[in-house]
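Structure below is protein.txt: compact mmCIF, C-alpha atoms and all ligand atoms.
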```
# COMPACT_ATOMS: atom_id res chain seq x y z
CA ALA A 1 -13.41 1.61 12.81
CA PRO A 2 -9.93 2.82 11.81
CA PHE A 3 -9.60 6.21 10.16
CA LEU A 4 -6.68 7.58 8.19
CA LYS A 5 -6.90 11.26 7.37
CA ILE A 6 -4.54 13.15 5.09
CA GLU A 7 -5.04 16.88 4.96
CA ASP A 8 -3.51 19.44 2.63
CA LEU A 9 -0.29 17.45 2.42
CA HIS A 10 2.70 19.05 0.76
CA VAL A 11 5.80 16.93 0.24
CA ALA A 12 9.13 17.88 -1.28
CA VAL A 13 11.89 15.63 -2.59
CA GLU A 14 15.34 17.16 -2.81
CA GLY A 15 13.85 20.64 -2.69
CA THR A 16 11.21 20.05 -5.38
CA GLU A 17 7.58 20.07 -4.31
CA ILE A 18 5.90 16.85 -5.50
CA LEU A 19 2.70 16.66 -3.46
CA LYS A 20 0.80 19.92 -3.62
CA GLY A 21 -2.15 19.88 -1.29
CA PHE A 22 -3.17 16.24 -1.14
CA ASN A 23 -6.38 15.32 0.73
CA LEU A 24 -7.81 11.87 1.43
CA GLU A 25 -9.81 10.09 4.11
CA ILE A 26 -9.91 6.32 4.38
CA LYS A 27 -12.13 4.55 6.88
CA GLY A 28 -12.36 0.92 7.90
CA GLY A 29 -14.50 -1.04 5.47
CA GLU A 30 -13.41 1.05 2.47
CA ILE A 31 -11.12 0.23 -0.41
CA HIS A 32 -9.84 3.25 -2.30
CA ALA A 33 -7.83 3.25 -5.49
CA ILE A 34 -5.54 5.99 -6.68
CA MET A 35 -4.77 6.04 -10.37
CA GLY A 36 -2.77 8.51 -12.35
CA PRO A 37 -0.13 8.99 -15.01
CA ASN A 38 3.50 8.23 -14.24
CA GLY A 39 5.37 10.82 -12.25
CA THR A 40 2.36 12.43 -10.57
CA GLY A 41 3.51 11.60 -7.07
CA LYS A 42 1.66 8.38 -6.22
CA SER A 43 4.71 6.61 -4.83
CA THR A 44 5.78 9.83 -3.14
CA LEU A 45 2.51 9.72 -1.24
CA ALA A 46 3.17 6.13 -0.12
CA SER A 47 6.74 6.98 0.91
CA ALA A 48 5.59 10.02 2.86
CA ILE A 49 2.98 7.99 4.76
CA MET A 50 5.66 5.40 5.47
CA GLY A 51 8.02 8.01 6.85
CA HIS A 52 10.82 7.68 4.33
CA PRO A 53 13.45 10.26 5.35
CA LYS A 54 13.98 11.49 1.80
CA TYR A 55 10.43 12.83 1.60
CA GLU A 56 10.09 16.11 3.43
CA ILE A 57 6.65 17.05 4.69
CA THR A 58 6.58 20.80 4.21
CA SER A 59 2.99 21.27 5.42
CA GLY A 60 -0.26 19.46 6.08
CA SER A 61 -1.11 16.54 8.32
CA ILE A 62 -1.59 12.78 8.44
CA THR A 63 -3.53 11.29 11.33
CA MET A 64 -4.51 7.74 12.18
CA ASP A 65 -7.45 7.43 14.57
CA GLY A 66 -6.73 11.02 15.54
CA GLU A 67 -3.06 10.38 16.35
CA ASP A 68 -0.39 12.38 14.54
CA VAL A 69 1.33 9.92 12.18
CA LEU A 70 4.02 12.41 11.22
CA GLU A 71 5.25 12.43 14.82
CA MET A 72 5.67 8.63 14.80
CA GLU A 73 8.80 6.64 13.98
CA VAL A 74 8.41 4.09 11.20
CA ASP A 75 7.95 1.18 13.63
CA GLU A 76 5.38 3.19 15.58
CA ARG A 77 3.40 3.67 12.38
CA ALA A 78 3.24 -0.09 11.95
CA LYS A 79 2.25 -0.48 15.57
CA ALA A 80 -0.55 2.05 15.08
CA GLY A 81 -1.93 -0.28 12.41
CA LEU A 82 -0.51 1.10 9.18
CA PHE A 83 0.85 -1.29 6.61
CA LEU A 84 3.05 -0.31 3.73
CA ALA A 85 4.23 -3.09 1.53
CA MET A 86 7.38 -1.18 0.68
CA GLN A 87 8.54 -0.81 4.25
CA TYR A 88 9.83 -4.37 4.18
CA PRO A 89 13.42 -5.05 3.25
CA SER A 90 14.00 -6.30 -0.25
CA GLU A 91 16.55 -8.99 0.57
CA ILE A 92 18.15 -10.08 3.82
CA SER A 93 20.18 -13.25 3.95
CA GLY A 94 20.16 -15.32 7.11
CA ILE A 95 16.54 -14.52 8.00
CA THR A 96 13.83 -16.87 6.82
CA ASN A 97 10.42 -15.65 5.74
CA ALA A 98 8.87 -17.33 8.76
CA ASP A 99 11.34 -15.69 11.18
CA PHE A 100 10.75 -12.32 9.62
CA LEU A 101 6.97 -12.59 9.77
CA ARG A 102 6.99 -13.76 13.36
CA SER A 103 9.22 -10.95 14.52
CA ALA A 104 7.16 -8.42 12.55
CA ILE A 105 4.01 -9.66 14.30
CA ASN A 106 5.67 -9.61 17.70
CA SER A 107 7.10 -6.14 17.24
CA LYS A 108 3.50 -4.90 16.94
CA ARG A 109 2.55 -6.61 20.21
CA GLU A 110 3.36 -5.73 23.78
CA GLU A 111 6.17 -7.52 25.56
CA GLY A 112 4.90 -10.69 27.19
CA ASP A 113 2.06 -10.96 24.65
CA GLU A 114 4.04 -12.54 21.81
CA ILE A 115 2.21 -14.88 19.44
CA SER A 116 2.72 -18.54 20.35
CA LEU A 117 4.69 -20.65 17.92
CA MET A 118 1.74 -23.02 17.46
CA LYS A 119 -0.68 -20.24 16.66
CA PHE A 120 1.81 -18.57 14.36
CA ILE A 121 2.39 -21.77 12.38
CA ARG A 122 -1.33 -22.47 12.13
CA GLN A 123 -2.01 -18.98 10.76
CA LEU A 124 0.96 -19.11 8.42
CA ASP A 125 -0.21 -22.45 6.96
CA GLU A 126 -3.71 -21.11 6.46
CA LYS A 127 -2.66 -17.87 4.75
CA MET A 128 -0.02 -19.56 2.60
CA GLY A 129 -2.72 -21.96 1.45
CA LEU A 130 -4.98 -19.08 0.51
CA LEU A 131 -2.20 -17.47 -1.53
CA GLU A 132 -1.15 -20.79 -3.07
CA ILE A 133 2.37 -20.40 -1.76
CA ASP A 134 4.54 -23.52 -1.63
CA GLU A 135 5.35 -24.92 1.81
CA SER A 136 9.11 -24.60 1.29
CA PHE A 137 8.66 -20.83 1.11
CA SER A 138 8.59 -20.22 4.85
CA HIS A 139 12.06 -21.73 5.29
CA ARG A 140 13.61 -19.78 2.46
CA TYR A 141 15.54 -16.63 3.21
CA LEU A 142 13.63 -13.41 2.96
CA ASN A 143 13.09 -12.39 -0.64
CA GLU A 144 16.30 -14.13 -1.67
CA GLY A 145 16.07 -15.13 -5.30
CA PHE A 146 12.36 -14.39 -5.39
CA SER A 147 10.71 -13.74 -8.71
CA GLY A 148 8.67 -10.55 -9.05
CA GLY A 149 5.47 -12.54 -8.57
CA GLU A 150 6.81 -14.27 -5.45
CA LYS A 151 7.75 -10.92 -3.91
CA LYS A 152 4.23 -9.63 -4.45
CA ARG A 153 2.70 -12.77 -2.98
CA ASN A 154 5.01 -12.40 -0.02
CA GLU A 155 3.88 -8.81 0.50
CA ILE A 156 0.27 -9.98 0.57
CA LEU A 157 1.21 -12.80 2.95
CA GLN A 158 2.68 -10.13 5.25
CA LEU A 159 -0.57 -8.20 4.92
CA LEU A 160 -2.65 -11.23 5.91
CA MET A 161 -0.38 -12.15 8.80
CA LEU A 162 0.02 -8.64 10.24
CA GLU A 163 -3.68 -7.74 9.92
CA PRO A 164 -3.17 -3.97 9.79
CA LYS A 165 -6.00 -1.46 10.13
CA ILE A 166 -5.05 0.51 7.05
CA ALA A 167 -2.88 -0.75 4.19
CA ILE A 168 -1.21 1.24 1.44
CA LEU A 169 -0.42 -1.01 -1.50
CA ASP A 170 1.72 0.63 -4.16
CA GLU A 171 1.74 -1.16 -7.53
CA ILE A 172 1.17 -4.63 -6.14
CA ASP A 173 0.07 -5.57 -9.65
CA SER A 174 3.22 -4.61 -11.51
CA GLY A 175 4.80 -7.47 -13.38
CA LEU A 176 2.18 -10.04 -12.39
CA ASP A 177 0.68 -12.54 -14.79
CA ILE A 178 -3.06 -13.04 -14.63
CA ASP A 179 -2.92 -16.05 -12.28
CA ALA A 180 -0.69 -14.25 -9.78
CA LEU A 181 -2.90 -11.19 -10.08
CA LYS A 182 -5.94 -13.24 -9.12
CA VAL A 183 -4.19 -14.78 -6.13
CA VAL A 184 -2.91 -11.42 -4.89
CA SER A 185 -6.41 -9.94 -5.30
CA GLN A 186 -7.92 -12.85 -3.41
CA GLY A 187 -5.57 -12.04 -0.53
CA VAL A 188 -6.61 -8.40 -0.41
CA ASN A 189 -10.30 -9.32 -0.69
CA ALA A 190 -9.89 -11.74 2.22
CA MET A 191 -8.94 -8.75 4.39
CA ARG A 192 -12.15 -6.85 3.62
CA GLY A 193 -14.18 -5.91 6.65
CA SER A 194 -15.16 -2.98 8.84
CA GLU A 195 -11.81 -3.02 10.67
CA PHE A 196 -9.75 -2.79 7.50
CA GLY A 197 -9.25 0.09 5.10
CA CYS A 198 -7.08 -0.04 2.02
CA LEU A 199 -5.48 2.30 -0.48
CA ILE A 200 -4.50 0.65 -3.74
CA ILE A 201 -2.14 2.65 -5.90
CA THR A 202 -2.06 1.46 -9.46
CA HIS A 203 -1.20 2.65 -12.91
CA TYR A 204 -3.49 0.14 -14.57
CA GLN A 205 -7.18 -0.60 -14.23
CA ARG A 206 -6.63 -4.35 -14.63
CA LEU A 207 -6.17 -5.01 -10.90
CA LEU A 208 -9.47 -3.28 -10.18
CA ASN A 209 -11.30 -5.98 -12.15
CA TYR A 210 -10.46 -8.28 -9.23
CA ILE A 211 -10.53 -5.88 -6.31
CA THR A 212 -13.57 -3.65 -6.70
CA PRO A 213 -12.81 -0.32 -5.08
CA ASP A 214 -15.45 1.71 -3.26
CA LYS A 215 -13.83 4.91 -4.43
CA VAL A 216 -11.45 5.78 -7.24
CA HIS A 217 -9.32 8.90 -7.25
CA VAL A 218 -7.33 10.33 -10.10
CA MET A 219 -4.08 11.98 -9.16
CA MET A 220 -2.33 14.52 -11.34
CA GLN A 221 0.46 16.93 -10.58
CA GLY A 222 0.58 16.08 -6.92
CA ARG A 223 -3.08 16.22 -5.99
CA ILE A 224 -6.35 14.39 -6.41
CA VAL A 225 -8.14 16.03 -9.31
CA LYS A 226 -11.16 13.76 -9.62
CA SER A 227 -12.96 11.18 -7.48
CA GLY A 228 -15.71 8.72 -8.27
CA GLY A 229 -16.82 5.13 -7.96
CA SER A 230 -15.38 2.07 -9.67
CA GLU A 231 -16.89 3.21 -12.99
CA LEU A 232 -14.26 5.95 -13.08
CA ALA A 233 -11.53 3.31 -13.37
CA THR A 234 -13.38 1.65 -16.23
CA ARG A 235 -13.62 4.94 -18.09
CA LEU A 236 -9.91 5.65 -17.55
CA GLU A 237 -9.05 2.25 -18.99
CA ALA A 238 -11.13 2.95 -22.08
CA GLU A 239 -10.31 6.61 -22.62
CA GLY A 240 -7.05 7.35 -20.83
CA TYR A 241 -6.45 10.55 -18.90
CA ASP A 242 -6.77 13.19 -21.63
CA TRP A 243 -10.45 13.88 -21.03
CA ILE A 244 -9.71 14.74 -17.41
CA LYS A 245 -6.88 17.04 -18.42
CA GLU A 246 -9.22 18.78 -20.86
CA GLU A 247 -11.98 19.01 -18.28
CA LEU A 248 -9.61 20.64 -15.81
CA GLY A 249 -7.55 22.63 -18.26
CA ILE A 250 -4.34 20.86 -17.23
CA GLU A 251 -1.44 20.95 -19.67
CA ASP A 252 1.42 18.44 -19.62
P1 LIG B 301 4.40 8.05 -9.53
O1 LIG B 301 4.48 7.02 -8.48
O2 LIG B 301 3.06 8.69 -9.66
O3 LIG B 301 4.87 7.55 -10.86
P2 LIG B 301 6.55 9.32 -8.08
O4 LIG B 301 6.01 9.67 -6.75
O5 LIG B 301 7.39 8.10 -8.19
O6 LIG B 301 5.36 9.26 -9.15
O7 LIG B 301 7.39 10.53 -8.64
C1 LIG B 301 6.88 11.87 -8.67
C2 LIG B 301 8.01 12.84 -8.99
O8 LIG B 301 8.90 12.90 -7.89
C3 LIG B 301 8.84 12.44 -10.18
O9 LIG B 301 9.17 13.62 -10.90
C4 LIG B 301 10.07 11.82 -9.56
O10 LIG B 301 11.18 11.99 -10.40
C5 LIG B 301 10.21 12.58 -8.27
N1 LIG B 301 10.80 11.72 -7.22
C6 LIG B 301 10.15 10.79 -6.51
N2 LIG B 301 10.98 10.17 -5.63
C7 LIG B 301 12.18 10.72 -5.81
C8 LIG B 301 13.47 10.52 -5.22
N3 LIG B 301 13.66 9.60 -4.25
N4 LIG B 301 14.50 11.27 -5.66
C9 LIG B 301 14.30 12.19 -6.63
N5 LIG B 301 13.13 12.43 -7.22
C10 LIG B 301 12.08 11.72 -6.84
MG MG B 302 6.58 6.07 -11.19
MG MG B 303 4.91 5.00 -8.48
```
Turn the structure described in the file into structure tokens.
Ligand code: ADP
Ligand code: MG
Ligand code: MG
Amino acid sequence: APFLKIEDLHVAVEGTEILKGFNLEIKGGEIHAIMGPNGTGKSTLASAIMGHPKYEITSGSITMDGEDVLEMEVDERAKAGLFLAMQYPSEISGITNADFLRSAINSKREEGDEISLMKFIRQLDEKMGLLEIDESFSHRYLNEGFSGGEKKRNEILQLLMLEPKIAILDEIDSGLDIDALKVVSQGVNAMRGSEFGCLIITHYQRLLNYITPDKVHVMMQGRIVKSGGSELATRLEAEGYDWIKEELGIED
């Protein structure tokens, strides 16, 4: 089963240290959720895993199945089986959704082993059906004029089509109405299995009513300060973060 391991990660943005000794292990079959107040470094973590050049790894390590992720180019990270919703371009005119998905799939495969057009179309139809995406969608240009909800659905469609080993999903619930939230959750739940691990980053507990995480972590000031099961998310929803701050003696 796949295995993503993050050890004592320190990340700086423009000279300021944001992640301060972050540790996490995600194995295939597990869904983890990271929750935390705004500005604690959740998106910084996602960007660092993705290899965004603005995020400087000052120490620590990230490995995927024992391979050094920090040594990999962004496309190599995808090829190793990592998926980051944010790595996809926001808007490109002239490329349809279908073209983009097909080339993303093929760039993960070896030359000569490209997915056949028939197989691609069959899979695309199936996954679009699952996500209740209109047929016209595949011929539209990538993200052009998409609503917030359509962008999120498209990210989950990419997830289902690319079948990564480990996915990092940062705020896939933001701006979604309840129906879109259910559909997006259904997509993530469809990926569940021993060959798939997932990290869901969210500010709100709401999403976790539909995707039940195996483990919940609370992040504050650049590190995980508390871990538990899905009941931890429920308590955070009811009581906020203050009790954790008090428990740990953290001041804002
Ligand atoms: P979260 O996702 O938990 O809300 P972020 O990772 O977005 O937190 O931000 C953590 C801190 O890092 C914030 O103080 C933010 O201002 C800073 N930061 C993150 N990304 C950048 C960036 N690209 N440029 C400057 N500061 C950044
Ligand atoms: Mg933020
Ligand atoms: Mg964020």
Around ligand LIG 301 (chain B), out to 7 Å and counting all atoms listed in the file, which residues are there? I want them as JSON, numbers by chain. {"A": [13, 14, 18, 36, 37, 38, 39, 40, 41, 42, 43, 44, 45, 54]}
Val184 in chain A proximity check over A:Glu155, A:Glu231, A:Asp170, A:Asp99, using all atoms listed in the file: winner is A:Glu155
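Of the listed residues A:Asp8, A:Asp173, A:Asp214, A:Glu25, the one whose atoms come nearest to Gly60 in chain A is A:Asp8, with distances taken using all atoms listed in the file.
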Return as lines of an AutoDock Vina configuration file the box centre and box size in Å, one decimal, for an axis-aligned box around all listed atoms of range 74-80 of chain A padded by 8 Å per side.
```
center_x = 3.9
center_y = 1.8
center_z = 13.4
size_x = 25.0
size_y = 20.6
size_z = 20.4
```
**Study point:** Within 10 Å of Ile34 in chain A using only C-alpha atoms, minus same-chain residues under 2 positions, as a ChimeraX atom specification
**Key:** /A:32,36,42,170,199-203,213,215-219,224,227,233
Let me see the file: selected residues, C-alpha atoms, as a PDB file, keeping the file's coordinate frame.
```
ATOM      1  CA  HIS A  32      -9.840   3.250  -2.300  1.00  0.00           C
ATOM      2  CA  GLY A  36      -2.770   8.510 -12.350  1.00  0.00           C
ATOM      3  CA  LYS A  42       1.660   8.380  -6.220  1.00  0.00           C
ATOM      4  CA  ASP A 170       1.720   0.630  -4.160  1.00  0.00           C
ATOM      5  CA  LEU A 199      -5.480   2.300  -0.480  1.00  0.00           C
ATOM      6  CA  ILE A 200      -4.500   0.650  -3.740  1.00  0.00           C
ATOM      7  CA  ILE A 201      -2.140   2.650  -5.900  1.00  0.00           C
ATOM      8  CA  THR A 202      -2.060   1.460  -9.460  1.00  0.00           C
ATOM      9  CA  HIS A 203      -1.200   2.650 -12.910  1.00  0.00           C
ATOM     10  CA  PRO A 213     -12.810  -0.320  -5.080  1.00  0.00           C
ATOM     11  CA  LYS A 215     -13.830   4.910  -4.430  1.00  0.00           C
ATOM     12  CA  VAL A 216     -11.450   5.780  -7.240  1.00  0.00           C
ATOM     13  CA  HIS A 217      -9.320   8.900  -7.250  1.00  0.00           C
ATOM     14  CA  VAL A 218      -7.330  10.330 -10.100  1.00  0.00           C
ATOM     15  CA  MET A 219      -4.080  11.980  -9.160  1.00  0.00           C
ATOM     16  CA  ILE A 224      -6.350  14.390  -6.410  1.00  0.00           C
ATOM     17  CA  SER A 227     -12.960  11.180  -7.480  1.00  0.00           C
ATOM     18  CA  ALA A 233     -11.530   3.310 -13.370  1.00  0.00           C
TER      19      ALA A 233
END
```
As a PDB file, in the coordinates of the input, could you write out range 193-221 of chain A once it has been completed with N, CA and C atoms?
```pdb
ATOM      1  N   GLY A 193     -13.393  -5.878   5.426  1.00  0.00           N
ATOM      2  CA  GLY A 193     -14.180  -5.910   6.650  1.00  0.00           C
ATOM      3  C   GLY A 193     -14.154  -4.539   7.288  1.00  0.00           C
ATOM      4  N   SER A 194     -15.008  -4.322   8.271  1.00  0.00           N
ATOM      5  CA  SER A 194     -15.160  -2.980   8.840  1.00  0.00           C
ATOM      6  C   SER A 194     -13.912  -2.495   9.568  1.00  0.00           C
ATOM      7  N   GLU A 195     -13.027  -3.426   9.947  1.00  0.00           N
ATOM      8  CA  GLU A 195     -11.810  -3.020  10.670  1.00  0.00           C
ATOM      9  C   GLU A 195     -10.605  -2.885   9.755  1.00  0.00           C
ATOM     10  N   PHE A 196     -10.861  -2.888   8.451  1.00  0.00           N
ATOM     11  CA  PHE A 196      -9.750  -2.790   7.500  1.00  0.00           C
ATOM     12  C   PHE A 196     -10.056  -1.805   6.387  1.00  0.00           C
ATOM     13  N   GLY A 197      -9.146  -0.859   6.200  1.00  0.00           N
ATOM     14  CA  GLY A 197      -9.250   0.090   5.100  1.00  0.00           C
ATOM     15  C   GLY A 197      -8.023  -0.060   4.210  1.00  0.00           C
ATOM     16  N   CYS A 198      -8.184   0.230   2.931  1.00  0.00           N
ATOM     17  CA  CYS A 198      -7.080  -0.040   2.020  1.00  0.00           C
ATOM     18  C   CYS A 198      -6.982   1.031   0.932  1.00  0.00           C
ATOM     19  N   LEU A 199      -5.750   1.404   0.635  1.00  0.00           N
ATOM     20  CA  LEU A 199      -5.480   2.300  -0.480  1.00  0.00           C
ATOM     21  C   LEU A 199      -4.638   1.545  -1.495  1.00  0.00           C
ATOM     22  N   ILE A 200      -5.204   1.353  -2.666  1.00  0.00           N
ATOM     23  CA  ILE A 200      -4.500   0.650  -3.740  1.00  0.00           C
ATOM     24  C   ILE A 200      -4.015   1.680  -4.742  1.00  0.00           C
ATOM     25  N   ILE A 201      -2.710   1.713  -4.936  1.00  0.00           N
ATOM     26  CA  ILE A 201      -2.140   2.650  -5.900  1.00  0.00           C
ATOM     27  C   ILE A 201      -1.783   1.848  -7.152  1.00  0.00           C
ATOM     28  N   THR A 202      -2.339   2.237  -8.256  1.00  0.00           N
ATOM     29  CA  THR A 202      -2.060   1.460  -9.460  1.00  0.00           C
ATOM     30  C   THR A 202      -2.075   2.330 -10.711  1.00  0.00           C
ATOM     31  N   HIS A 203      -1.253   1.939 -11.641  1.00  0.00           N
ATOM     32  CA  HIS A 203      -1.200   2.650 -12.910  1.00  0.00           C
ATOM     33  C   HIS A 203      -2.243   2.087 -13.870  1.00  0.00           C
ATOM     34  N   TYR A 204      -2.590   0.820 -13.650  1.00  0.00           N
ATOM     35  CA  TYR A 204      -3.490   0.140 -14.570  1.00  0.00           C
ATOM     36  C   TYR A 204      -4.805  -0.250 -13.922  1.00  0.00           C
ATOM     37  N   GLN A 205      -5.854  -0.272 -14.729  1.00  0.00           N
ATOM     38  CA  GLN A 205      -7.180  -0.600 -14.230  1.00  0.00           C
ATOM     39  C   GLN A 205      -7.343  -2.093 -13.979  1.00  0.00           C
ATOM     40  N   ARG A 206      -6.511  -2.888 -14.646  1.00  0.00           N
ATOM     41  CA  ARG A 206      -6.630  -4.350 -14.630  1.00  0.00           C
ATOM     42  C   ARG A 206      -6.845  -4.945 -13.236  1.00  0.00           C
ATOM     43  N   LEU A 207      -6.056  -4.496 -12.269  1.00  0.00           N
ATOM     44  CA  LEU A 207      -6.170  -5.010 -10.900  1.00  0.00           C
ATOM     45  C   LEU A 207      -7.565  -4.775 -10.329  1.00  0.00           C
ATOM     46  N   LEU A 208      -8.171  -3.671 -10.745  1.00  0.00           N
ATOM     47  CA  LEU A 208      -9.470  -3.280 -10.180  1.00  0.00           C
ATOM     48  C   LEU A 208     -10.619  -4.118 -10.757  1.00  0.00           C
ATOM     49  N   ASN A 209     -10.309  -4.993 -11.714  1.00  0.00           N
ATOM     50  CA  ASN A 209     -11.300  -5.980 -12.150  1.00  0.00           C
ATOM     51  C   ASN A 209     -11.466  -7.059 -11.082  1.00  0.00           C
ATOM     52  N   TYR A 210     -10.446  -7.220 -10.249  1.00  0.00           N
ATOM     53  CA  TYR A 210     -10.460  -8.280  -9.230  1.00  0.00           C
ATOM     54  C   TYR A 210     -10.683  -7.756  -7.829  1.00  0.00           C
ATOM     55  N   ILE A 211     -10.259  -6.522  -7.598  1.00  0.00           N
ATOM     56  CA  ILE A 211     -10.530  -5.880  -6.310  1.00  0.00           C
ATOM     57  C   ILE A 211     -11.394  -4.664  -6.620  1.00  0.00           C
ATOM     58  N   THR A 212     -12.678  -4.764  -6.354  1.00  0.00           N
ATOM     59  CA  THR A 212     -13.570  -3.650  -6.700  1.00  0.00           C
ATOM     60  C   THR A 212     -13.459  -2.555  -5.651  1.00  0.00           C
ATOM     61  N   PRO A 213     -12.962  -1.404  -6.054  1.00  0.00           N
ATOM     62  CA  PRO A 213     -12.810  -0.320  -5.080  1.00  0.00           C
ATOM     63  C   PRO A 213     -14.137   0.386  -4.800  1.00  0.00           C
ATOM     64  N   ASP A 214     -14.272   0.907  -3.599  1.00  0.00           N
ATOM     65  CA  ASP A 214     -15.450   1.710  -3.260  1.00  0.00           C
ATOM     66  C   ASP A 214     -15.325   3.097  -3.863  1.00  0.00           C
ATOM     67  N   LYS A 215     -14.077   3.583  -3.879  1.00  0.00           N
ATOM     68  CA  LYS A 215     -13.830   4.910  -4.430  1.00  0.00           C
ATOM     69  C   LYS A 215     -12.573   4.910  -5.284  1.00  0.00           C
ATOM     70  N   VAL A 216     -12.616   5.646  -6.359  1.00  0.00           N
ATOM     71  CA  VAL A 216     -11.450   5.780  -7.240  1.00  0.00           C
ATOM     72  C   VAL A 216     -11.084   7.255  -7.329  1.00  0.00           C
ATOM     73  N   HIS A 217      -9.799   7.523  -7.183  1.00  0.00           N
ATOM     74  CA  HIS A 217      -9.320   8.900  -7.250  1.00  0.00           C
ATOM     75  C   HIS A 217      -8.274   9.008  -8.365  1.00  0.00           C
ATOM     76  N   VAL A 218      -8.348  10.087  -9.081  1.00  0.00           N
ATOM     77  CA  VAL A 218      -7.330  10.330 -10.100  1.00  0.00           C
ATOM     78  C   VAL A 218      -6.378  11.382  -9.566  1.00  0.00           C
ATOM     79  N   MET A 219      -5.092  11.056  -9.662  1.00  0.00           N
ATOM     80  CA  MET A 219      -4.080  11.980  -9.160  1.00  0.00           C
ATOM     81  C   MET A 219      -3.307  12.551 -10.346  1.00  0.00           C
ATOM     82  N   MET A 220      -3.152  13.850 -10.332  1.00  0.00           N
ATOM     83  CA  MET A 220      -2.330  14.520 -11.340  1.00  0.00           C
ATOM     84  C   MET A 220      -1.594  15.660 -10.677  1.00  0.00           C
ATOM     85  N   GLN A 221      -0.342  15.803 -11.057  1.00  0.00           N
ATOM     86  CA  GLN A 221       0.460  16.930 -10.580  1.00  0.00           C
ATOM     87  C   GLN A 221       0.378  17.127  -9.066  1.00  0.00           C
TER      88      GLN A 221
END
```
